[in-house]
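Printed here is start.cif (mmCIF, C-alpha atoms):
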```cif
data_final
#
loop_
_atom_site.label_atom_id
_atom_site.label_comp_id
_atom_site.auth_asym_id
_atom_site.auth_seq_id
_atom_site.Cartn_x
_atom_site.Cartn_y
_atom_site.Cartn_z
CA MET X 1371 -5.12 -22.03 -11.72
CA GLN X 1372 -8.19 -24.11 -12.52
CA ALA X 1373 -7.21 -26.50 -9.74
CA VAL X 1374 -7.21 -23.61 -7.28
CA LEU X 1375 -10.58 -22.34 -8.44
CA SER X 1376 -12.04 -25.84 -8.08
CA TYR X 1377 -10.52 -26.58 -4.67
CA GLY X 1378 -12.71 -28.60 -2.32
CA ASP X 1379 -16.39 -28.75 -3.15
CA GLY X 1380 -16.21 -27.06 -6.54
CA PRO X 1381 -15.67 -23.59 -7.91
CA GLN X 1382 -14.65 -21.12 -5.25
CA LYS X 1383 -16.28 -18.05 -6.75
CA GLY X 1384 -16.56 -15.06 -4.48
CA LYS X 1385 -13.70 -16.05 -2.19
CA SER X 1386 -11.46 -13.26 -0.97
CA LEU X 1387 -7.79 -12.75 -1.61
CA SER X 1388 -7.23 -13.40 2.10
CA TRP X 1389 -9.05 -16.74 1.77
CA TYR X 1390 -6.71 -17.87 -1.02
CA CYS X 1391 -3.66 -16.73 0.94
CA ARG X 1392 -4.80 -18.72 3.98
CA LEU X 1393 -5.43 -21.72 1.71
CA PHE X 1394 -1.77 -21.64 0.63
CA GLY X 1395 -0.39 -20.71 4.05
CA LEU X 1396 0.77 -17.27 2.94
CA THR X 1397 1.22 -14.65 5.65
CA GLU X 1398 2.12 -11.64 3.51
CA GLY X 1399 -0.17 -8.68 4.12
CA SER X 1400 -1.56 -10.22 7.30
CA GLU X 1401 -1.18 -6.94 9.21
CA ASP X 1402 -4.12 -5.53 7.24
CA THR X 1403 -6.95 -4.61 9.60
CA SER X 1404 -9.53 -3.79 6.93
CA SER X 1405 -11.14 -5.50 3.97
CA GLY X 1406 -12.32 -4.34 0.59
CA ALA X 1407 -15.80 -4.02 2.07
CA ASP X 1408 -14.46 -1.33 4.43
CA ILE X 1409 -13.06 0.97 1.74
CA ALA X 1410 -16.21 3.02 1.11
CA SER X 1411 -16.55 3.90 4.79
CA LEU X 1412 -12.82 4.62 5.06
CA VAL X 1413 -13.09 7.02 2.10
CA GLN X 1414 -16.12 8.68 3.68
CA ALA X 1415 -14.17 9.06 6.93
CA GLY X 1416 -11.13 10.37 5.05
CA ASP X 1417 -8.91 7.66 6.54
CA TRP X 1418 -6.39 7.66 3.70
CA PRO X 1419 -3.60 6.02 5.73
CA ALA X 1420 -5.84 2.99 6.39
CA ILE X 1421 -6.76 2.81 2.69
CA ALA X 1422 -3.08 3.01 1.70
CA GLN X 1423 -2.24 0.24 4.20
CA HIS X 1424 -5.00 -1.97 2.77
CA VAL X 1425 -3.80 -1.44 -0.80
CA ARG X 1426 -0.18 -2.21 0.18
CA CYS X 1427 -1.30 -5.43 1.88
CA ASP X 1428 -3.39 -6.43 -1.15
CA VAL X 1429 -0.37 -5.93 -3.42
CA GLU X 1430 1.81 -8.02 -1.08
CA ARG X 1431 -0.82 -10.79 -0.99
CA THR X 1432 -1.32 -10.75 -4.76
CA ARG X 1433 2.43 -10.97 -5.38
CA ALA X 1434 2.88 -13.81 -2.87
CA LEU X 1435 -0.02 -15.76 -4.36
CA ALA X 1436 1.21 -15.25 -7.93
CA LEU X 1437 4.69 -16.46 -6.90
CA ARG X 1438 3.26 -19.51 -5.13
CA LEU X 1439 1.15 -20.43 -8.17
CA GLY X 1440 4.09 -19.95 -10.52
CA LEU X 1441 2.35 -17.19 -12.45
CA VAL X 1442 5.33 -14.86 -12.04
CA ARG X 1443 8.96 -15.32 -11.11
CA SER X 1444 10.71 -13.45 -8.36
CA ARG X 1445 13.05 -10.79 -9.59
CA GLN X 1446 16.41 -10.71 -7.91
CA VAL X 1447 17.68 -7.34 -6.78
CA VAL X 1448 21.37 -6.78 -7.39
CA SER X 1449 23.02 -4.45 -4.91
CA GLN X 1450 25.28 -1.82 -6.40
#
```
When written as structure tokens, how does the structure in this file appear?
Amino acid sequence: MQAVLSYGDGPQKGKSLSWYCRLFGLTEGSEDTSSGADIASLVQAGDWPAIAQHVRCDVERTRALALRLGLVRSRQVVSQ
């Protein structure tokens, strides 16, 4: 993880989840049309479907990044 945080010219503080996913070539959650910075205005507008979509995409991105970095292992689903 330290190697990721120090990628390029030094610590990458303040980089977005999307930035890290692009860095590793991950496409999960790419259909998200909003960012965390948009959430306050989406709440004010009552656009709960857009908020839910953003959260789903963030979860997909976080999972994909954690898998890529080896922080978690994929769980296999067994059909019954």
**OP:** Write out as a ChimeraX atom specification each polymer residue whose atoms come within 12 Å of His1424 of chain X, counting all atoms listed in the file; drop sequence neighbours fewer than 6 positions from it.
**Re:** /X:1387-1388,1399-1409,1412,1417-1418,1430-1431
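One finds atom CA of Lys1385 of chain X at 22.3 Å from atom CA of Ala1420 of chain X.
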Original post:
What do you get, as an MDAnalysis selection string, if you spell out every residue that the PyMOL selection byres ((chain X and resi 1391) around 12) selects here?
Top reply: chainID X and resid 1374 1385:1390 1392:1400 1427:1428 1430:1439
Subject >> Atomic separation - atom CA of Gly1384 of chain X relative to atom CA of Leu1441 of chain X, Å >> reply: 20.6 Å
